[in-house]
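Below is one structure; the comments refer to it alone.
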Amino acid sequence: MSKKREKKPKPPKPEKGKFPKPLLRVLEEAGLLTENLIYCCTGDMDNEACYCSSWLSFDEKGLYIALGDEEIVKSKRKNHRPDPKYTVSEIQSIPLEDAESLETERYVSTGRLIMKKDGEQISLVRFSIGKIAQFENFARAFNTYKKNGEAEVPASDEPEENKCKKCGKPCPPGKDFCPKHNKNSSTAVRLFKFFGGYIPQIITIIAIMLLGTAVTVLIPQISTRALFDDVLSNPDGLPVAELLKALGVLVLSIFGIRLLNTILTVIQQYITGGIMPNVIYDIKVKIFNAMQRLSVNFYSSKQTGSLMERVIRDANNIYWFFVDGLPALIIDIATVIGVIAIMFVMSWKLSLITLAAVPVLFAFLTLGDKFFRSLHHRAWLYGARVSAMVSDNINGQRVIKAFAKEEDEFSRFEKLSGEHMKAELKLSLSEATLFPILEVFVLLLSTVVLGAGGVLVARGELSTGTLLSYIVYLEMLRGPFDFLSWISNWWARCADSAQRVFEVCDAKPDITEKENAVSFENLRGDIEINELEFEYEPARPVIKKLSLEVRAGDMLGIVGKTGAGKTTIANLIARLYDAKEGCVKIDGIDVRDLKLTELRRNIGLVSQDIYLFIGSIADNIRYAKPDATMDEVIAAAKAASAHDFIMKLPDAYETRVGAGGQKLSGGERQRISIARTIIQNPKILILDEATAAMDTETERNIQHSLTKLKAGRTTIAIAHRLSTLRDADYLAVISDGKIVEYGTFKELIKQKGEFYKQYKIQSEALKTIGIGVGTGGEKPEEDEHEHK
Amino acid sequence: MNTNNANTISPETLRTEYVSPETCVFSKNENGFLAATINGKEYKRVILTRSLPLSFPSDYICISDIEKNELGIVEHMADFPKEQQALMNDELDQRYYCPVITKIESIKEKMGHFYFDVMIGDFKKSFAVRDISKSIRQHGDAIDLVDIDGNRFRILDFEAIPSKSRRKLEPYLY
């Protein structure tokens with residue numbers, strides 16, 4: 001009876017914010033009491049930015065910095081984490097009362113952990129910039145512990161270290177193994193899973209391919225060996241008529257075999273053609289669906305082009321490998337095996353000569369492939385650069401013409417295109433040199449085989465037909481060998497595409513709905529922001545401990561300079577991002593506890609970036625409510641002051657807009673987007689610089705539309721032009737992520753602070769060009785105030 | 001129009017505030033950070049930022065306080081006394097420090113990622129680069145490489161590294 005092998009458990013991952021046990025032992029030996037460590041963090045530099053391992057920790061007594069080395073000893077066990085060997089050279093202890101707080105500083109390629117003591121800044125340790133999130137968490141844990149005796153770090157913020165489980169070398173984010181230890185098979189297995197529903201067809205395809213290969217391999221036996229040995233040499237001395245009859249049978253047999261082969265190929269391609277579009281459809285749907293789930297952050301960090309490439313080009317790369325590459329691979333492997341077997345049967349002596357040349361041929365092809373890959377890559381890079389420049393040039397035509405830079409642009413293009421041409425030329429010339437050398441080598445091999453075969457024929461050990469068919473078989477090997485030498489690259493390209501596809505499919509959205517997310521029963525629209533903190537990148541805070549409150553039905557105006565964090569507040573209310581610290585509450589419920597669809601349905605966002613989808617104007621207006629009647633659509637358009645201009649268009653509400661559609665002005669597009677929000681009927685309305693890019697006349701029209709839209713809703717209006725915020729119940733002036741002033745329009749003017757300063761600058765600027773600060777050229781409010 | 005009005009954008013406000021050795025003196029504070037006295041006002045810690053870090057690392061150096069308010073600009077560091085330059089360079093070196101690659105042991109491409117084994121002085125470092133053409137930036141003789149974690153590595157002079165190392169990286173440069 002076979003003894004069932006017990007599965008050994010893998011060593012557990014170190015707990016987040018804790019050191020691994022072997023390190024704790026080494027630190028203990030070096031004199032650090034590790035029993036009560038509260039939070040730990042591992043760095044990679046000392047205070048002078050020299051590479052070494054640094055281990056930071058704190059307990060209720062002090063803050064500890066240990067420096068030393070970590071040597072990765074590769075694990076011999078399969079898929080096992082590496083066993084690191086630690087040495088500690090120095091431990092610095094700082095009494096907890098001495099360290100008031102910790103903070104990080106971000107530099108170009110490194111970061112620094114700084115301790116504050118009596119208002120002074122003291123540098124503790126440097127680290128590579130890639131570790132800044134860990135150090136930020138350490139500082140946060142320390143600061144919260146100092147403040148309230150508890151180290152708080154959101155678990156989701158703790159990034160995983162991208163190190164191979166086997167050798168400790170870097171590996172792509174989200175992967176457990178570096179490419180050396182990552183089995184491509186895992187990608188292959190996942191790819192093949194897409195074919196799960198077509199197993200009978202795949203078995204049929206493979207069977208047909210093998211049958212087809214067997215038939216192909218047999219052809220030289222009949223078309224060459226039998227033709228020469230059995231017919232043309234006439235070994236039995238048959239009369240001409242009999243000979244012609246035998247020749248006819250042979251020719252018909254050859255025709256029949258070729259016909260059979262063609263029929264098999266047609267059947268195989270027919271079945272493959274039936275499966276592949278379905279598989280590619282499944283892959284594209286899966287990527288697109290995954291992309292819809294992902295948060296805004298994912299889209300900000302990836303270029304649109306690269307994402308589109310994933311949906312279209314990567315899926316096609318996979319398609320072509322499976323349609324062209326894989327069948328050819330199966331056929332070629334079967335051909336090589338079949339042909340070599342037949343060659344050995346025909347003449348083992350000649351086959352030994354041939355086999356001796358195979359490694360040389362294979363090495364030649366592999367080296368050539370490596371050399372060409374490098375040249376191909378260089379040519380591709382230049383090609384990509386030329387394409388990028390053309391695209392840049394087309395998009396920037398207005399600027400180029402305005403600055404009369406056509407000649408300069410042409411020179412730049414000529415230079416770059418020249419470099420591309422040189423790279424292509426080098427590639428073509430190298431190919432033109434290398435391939436004839438290969439031809440000569442193959443010719444040499446054929447000559448040697450022919451010479452040796454001739455000797456065997458002369459000795460009577462081999463028939464002429466067998467020798468000739470042997471030469472044909474030799475030729476048959478060339479194609480498969482050539483193919484097999486570069487199929488690995490084809491597979492690498494396919495696996496690379498698959499990996500990118502799976503990266504999107506596996507990406508976890510930053511914004512997720514809680515399992516027990518709650519719904520609004522009857523939304524009022526109270527908004528409360530408590531101690532909000534947010535950063536797009538670690539150690540670059542955008543919102544700093546911001547608190548404010550908006551009562552249901554009120555309008556809050558947010559003003560501030562570009563980059564002050566105004567739009568970020570809007571994004572956090574709509575939960576397009578999650579706060580790092582603090583919270584946003586709607587009707588007293590944290591937005592993170594609410595159902596996402598319900599939250600977004602109740603928040604209407606009109607922003608400066610207006611996006612209209614490809615489709616009719618009516619379709620765009622009813623985007624939030626697809627079942628809206630035409631009456632509702634027209635009513636919304638009228639409320640948004642869009643109806644009049646829509647009716648002037650030849651196709652009115654059926655005018656196609658979006659990419660390739662009717663060109664609309666910024667104001668017209670904005671009015672459609674307002675109509676879209678009106679039909680959504682949200683309880684909370686966010687106007688993010690909705691009229692920033694409009695001229696005064698358009699702005700006045702849109703303001704009129706917005707006034708209608710605001711009625712009965714909680715409104716947050718973000719604006720540069722302060723005059724647009726006169727209706728606001730209160731205003732918040734944001735600067736560097738903080739509220740610096742808060743009050744009504746009149747109160748802020750009275751305060752003569754930042755708001756007043758901005759207001760004066762705007763009114764002076766508008767006076768200079770002969771426009772009053774208001775939209776209709778009315779007298780500035782401040783002047784009225786002063787007169788009073 | 002009143003051009004003297006404080007709220008009007010005047011050419012005065014747009015003028016760059018250059019500092020000179022007479023108006024700006026640098027020193028080190030007790031914790032090793034750079035301090036300065038600018039126009040008679042003492043700043044316990046100042047931060048220096050290069051305006052053109054790649055082309056003119058010693059010119060147009062912006063001085064700001066820890067709140068990131070600009071205090072002035074050093075047009076040319078060479079105009080300052082040697083010991084003042086040394087203080088500035090020390091601060092800039094810390095801020096712009098990039099591990100310098102002295103040798104490339106290997107570059108392996110697999111599944112769209114490039115895996116570098118390099119020497120940074122005597123220290124062997126491995127890192128991975130995702131999109132190699134976008135992660136390499138050439139400026140003059142120097143080359144910057146950015147890995148998947150955002151860490152930056154620099155080759156100070158591409159022609160000065162061993163020829164074997166050059167050959168390994170050359171196919172990816174353009």
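All residue names refer to the structure tokens as shown: chains lettered A, B, ... in order, residues numbered from 1 in each chain, ligands numbered from 1 in order.
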
Contact residues (chain A, partner chain B, 6 Å, only C-alpha atoms) as JSON, numbers by chain: {"A": [107, 108, 109, 122, 129, 130, 170, 374, 378, 496, 761]}

Residues near Ala35 of chain B, cut-off 9 Å, only C-alpha atoms, skip fewer than 6 positions along chain, as a list in words: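 Surrounding residues, per the criterion: Val25, Phe26, Ser27, Lys28, Asn29, Glu42, Tyr43, Lys44, Arg45, Val46 and Ile47 of chain B.
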
Near-segment 76-92 of chain B list (6 Å; only C-alpha atoms; drop same-chain fewer than 5 positions) as a list in words: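 The residues satisfying every condition are Pro21, Ser58 and Asp59 of chain B.
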
Leu54 of chain B environment, 12 Å, only C-alpha atoms, sequence neighbours closer than 2 positions dropped, as a VMD selection string: chain B and resid 50 to 52 56 to 60 96 137 to 144 154 156

6 Å contact set for Cys62 of chain B, only C-alpha atoms, chain neighbours under 3 positions out, as a list of chain:residue names: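 My reading of the contact set: B:Leu48, B:Thr49, B:Ile73.
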
Based on the selection just made, write C-alpha atoms of those residues as an mmCIF file, in the first residue's frame.
data_model
loop_
_atom_site.group_PDB
_atom_site.id
_atom_site.type_symbol
_atom_site.label_atom_id
_atom_site.label_comp_id
_atom_site.auth_asym_id
_atom_site.auth_seq_id
_atom_site.Cartn_x
_atom_site.Cartn_y
_atom_site.Cartn_z
ATOM 1 C CA LEU B 48 17.402 73.415 -2.223
ATOM 2 C CA THR B 49 15.797 72.299 -5.459
ATOM 3 C CA ILE B 73 17.093 81.447 -6.424
#

Length of the atom CA of Arg412 of chain A to atom CA of Arg313 of chain A vector [Å]: 29.1 Å

Separation of atom CA of Ala498 of chain A from atom CA of Gly196 of chain A, in Å and rounded to one decimal: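 These atoms are spaced 16.4 Å apart.
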
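One distance worth recording is that between atom CA of Glu100 of chain A and atom CA of Val584 of chain A, which is 28.9 Å.
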
Within 9 Å of segment 623-640 of chain A using only C-alpha atoms, minus same-chain residues under 5 positions, as a list in words: Arg601, Ala618, Ile646, Tyr653, Arg671, Ile672, Ser673, Ile674, Ala675, Arg676, Thr677, Ile678, Ile679, Gln680, Asn701, Ile702, His704, Ser705, Leu706, Lys708 and Leu709 of chain A

Since we have the selection now, will you write its residues out, keeping C-alpha atoms, as a PDB file, in the first residue's frame?
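Written out: part.pdb:
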ATOM      1  CA  ARG A 601     -26.700  57.501  -8.147  1.00  0.00           C
ATOM      2  CA  ALA A 618     -30.775  62.078 -26.581  1.00  0.00           C
ATOM      3  CA  ILE A 646     -30.169  71.247 -30.061  1.00  0.00           C
ATOM      4  CA  TYR A 653     -31.866  65.217 -30.565  1.00  0.00           C
ATOM      5  CA  ARG A 671     -25.218  72.135 -21.273  1.00  0.00           C
ATOM      6  CA  ILE A 672     -25.764  68.566 -22.485  1.00  0.00           C
ATOM      7  CA  SER A 673     -23.786  67.296 -19.507  1.00  0.00           C
ATOM      8  CA  ILE A 674     -25.928  69.429 -17.189  1.00  0.00           C
ATOM      9  CA  ALA A 675     -29.081  68.005 -18.792  1.00  0.00           C
ATOM     10  CA  ARG A 676     -27.606  64.544 -18.185  1.00  0.00           C
ATOM     11  CA  THR A 677     -27.211  65.400 -14.494  1.00  0.00           C
ATOM     12  CA  ILE A 678     -30.706  66.923 -14.298  1.00  0.00           C
ATOM     13  CA  ILE A 679     -32.223  63.676 -15.538  1.00  0.00           C
ATOM     14  CA  GLN A 680     -30.165  61.763 -12.965  1.00  0.00           C
ATOM     15  CA  ASN A 701     -26.384  80.942 -19.664  1.00  0.00           C
ATOM     16  CA  ILE A 702     -24.936  77.963 -17.864  1.00  0.00           C
ATOM     17  CA  HIS A 704     -28.827  80.123 -15.256  1.00  0.00           C
ATOM     18  CA  SER A 705     -29.132  76.365 -15.971  1.00  0.00           C
ATOM     19  CA  LEU A 706     -27.191  75.523 -12.854  1.00  0.00           C
ATOM     20  CA  LYS A 708     -32.378  75.578 -11.771  1.00  0.00           C
ATOM     21  CA  LEU A 709     -30.396  72.405 -11.161  1.00  0.00           C
TER      22      LEU A 709
END

Give me, as an mmCIF file with N, CA and C atoms, in the first residue's frame, the residues of segment 7-172 of chain B that a backbone DSSP run labels alpha helix (DSSP H).
data_model
loop_
_atom_site.group_PDB
_atom_site.id
_atom_site.type_symbol
_atom_site.label_atom_id
_atom_site.label_comp_id
_atom_site.auth_asym_id
_atom_site.auth_seq_id
_atom_site.Cartn_x
_atom_site.Cartn_y
_atom_site.Cartn_z
ATOM 1 N N PRO B 11 5.038 93.732 -13.085
ATOM 2 C CA PRO B 11 6.300 93.087 -13.475
ATOM 3 C C PRO B 11 7.168 92.810 -12.257
ATOM 4 N N GLU B 12 6.992 93.633 -11.214
ATOM 5 C CA GLU B 12 7.775 93.476 -9.977
ATOM 6 C C GLU B 12 7.554 92.085 -9.377
ATOM 7 N N THR B 13 6.256 91.682 -9.336
ATOM 8 C CA THR B 13 5.933 90.393 -8.710
ATOM 9 C C THR B 13 6.408 89.224 -9.567
ATOM 10 N N LEU B 14 6.580 89.469 -10.855
ATOM 11 C CA LEU B 14 7.008 88.372 -11.727
ATOM 12 C C LEU B 14 8.531 88.250 -11.787
ATOM 13 N N LYS B 82 33.739 78.967 -2.132
ATOM 14 C CA LYS B 82 33.902 77.506 -2.200
ATOM 15 C C LYS B 82 33.196 76.779 -1.053
ATOM 16 N N GLU B 83 33.365 77.293 0.195
ATOM 17 C CA GLU B 83 32.777 76.563 1.330
ATOM 18 C C GLU B 83 31.245 76.646 1.286
ATOM 19 N N GLN B 84 30.725 77.740 0.713
ATOM 20 C CA GLN B 84 29.270 77.868 0.556
ATOM 21 C C GLN B 84 28.775 76.870 -0.503
ATOM 22 N N GLN B 85 29.565 76.741 -1.565
ATOM 23 C CA GLN B 85 29.226 75.771 -2.621
ATOM 24 C C GLN B 85 29.205 74.358 -2.060
ATOM 25 N N ALA B 86 30.194 74.088 -1.179
ATOM 26 C CA ALA B 86 30.285 72.742 -0.590
ATOM 27 C C ALA B 86 29.034 72.450 0.242
ATOM 28 N N LEU B 87 28.562 73.447 0.983
ATOM 29 C CA LEU B 87 27.348 73.261 1.793
ATOM 30 C C LEU B 87 26.139 72.992 0.898
ATOM 31 N N MET B 88 26.049 73.771 -0.180
ATOM 32 C CA MET B 88 24.921 73.589 -1.108
ATOM 33 C C MET B 88 24.985 72.206 -1.760
ATOM 34 N N ASN B 89 26.203 71.850 -2.199
ATOM 35 C CA ASN B 89 26.358 70.558 -2.865
ATOM 36 C C ASN B 89 26.009 69.405 -1.948
ATOM 37 N N ASP B 90 26.364 69.545 -0.675
ATOM 38 C CA ASP B 90 26.071 68.496 0.290
ATOM 39 C C ASP B 90 24.560 68.282 0.390
ATOM 40 N N GLU B 91 23.828 69.384 0.485
ATOM 41 C CA GLU B 91 22.362 69.297 0.578
ATOM 42 C C GLU B 91 21.779 68.717 -0.726
ATOM 43 N N LEU B 92 22.285 69.217 -1.861
ATOM 44 C CA LEU B 92 21.765 68.754 -3.156
ATOM 45 C C LEU B 92 22.080 67.284 -3.384
ATOM 46 N N ASP B 93 23.288 66.876 -2.976
ATOM 47 C CA ASP B 93 23.678 65.475 -3.158
ATOM 48 C C ASP B 93 22.739 64.542 -2.398
ATOM 49 N N GLN B 94 22.332 64.987 -1.216
ATOM 50 C CA GLN B 94 21.429 64.145 -0.426
ATOM 51 C C GLN B 94 20.053 64.053 -1.104
ATOM 52 N N ARG B 95 19.581 65.188 -1.568
ATOM 53 C CA ARG B 95 18.249 65.236 -2.180
ATOM 54 C C ARG B 95 18.217 64.491 -3.517
ATOM 55 N N ILE B 132 10.907 48.893 -20.653
ATOM 56 C CA ILE B 132 12.300 49.375 -20.676
ATOM 57 C C ILE B 132 12.469 50.671 -21.457
ATOM 58 N N SER B 133 11.735 50.825 -22.562
ATOM 59 C CA SER B 133 11.950 52.047 -23.348
ATOM 60 C C SER B 133 11.470 53.280 -22.595
ATOM 61 N N LYS B 134 10.477 53.106 -21.705
ATOM 62 C CA LYS B 134 9.985 54.258 -20.948
ATOM 63 C C LYS B 134 10.731 54.411 -19.623
ATOM 64 N N SER B 135 11.460 53.387 -19.231
ATOM 65 C CA SER B 135 12.139 53.436 -17.936
ATOM 66 C C SER B 135 13.584 53.889 -18.034
ATOM 67 N N SER B 163 33.021 47.649 -21.250
ATOM 68 C CA SER B 163 32.403 47.466 -22.571
ATOM 69 C C SER B 163 31.369 46.338 -22.563
ATOM 70 N N LYS B 164 31.601 45.289 -21.728
ATOM 71 C CA LYS B 164 30.641 44.175 -21.647
ATOM 72 C C LYS B 164 29.305 44.704 -21.139
ATOM 73 N N SER B 165 29.385 45.583 -20.127
ATOM 74 C CA SER B 165 28.166 46.170 -19.567
ATOM 75 C C SER B 165 27.460 47.018 -20.614
ATOM 76 N N ARG B 166 28.272 47.769 -21.379
ATOM 77 C CA ARG B 166 27.694 48.646 -22.410
ATOM 78 C C ARG B 166 26.924 47.835 -23.425
ATOM 79 N N ARG B 167 27.533 46.727 -23.848
ATOM 80 C CA ARG B 167 26.910 45.900 -24.878
ATOM 81 C C ARG B 167 25.571 45.343 -24.414
ATOM 82 N N LYS B 168 25.470 45.104 -23.091
ATOM 83 C CA LYS B 168 24.223 44.533 -22.558
ATOM 84 C C LYS B 168 23.077 45.541 -22.615
ATOM 85 N N LEU B 169 23.410 46.796 -22.377
ATOM 86 C CA LEU B 169 22.350 47.815 -22.321
ATOM 87 C C LEU B 169 22.090 48.471 -23.676
#

Residues near segment 241-255 of chain A, cut-off 10 Å, only C-alpha atoms, skip fewer than 6 positions along chain, as a PyMOL selection string: chain A and resi 218-223+226-227+230-232+234+261
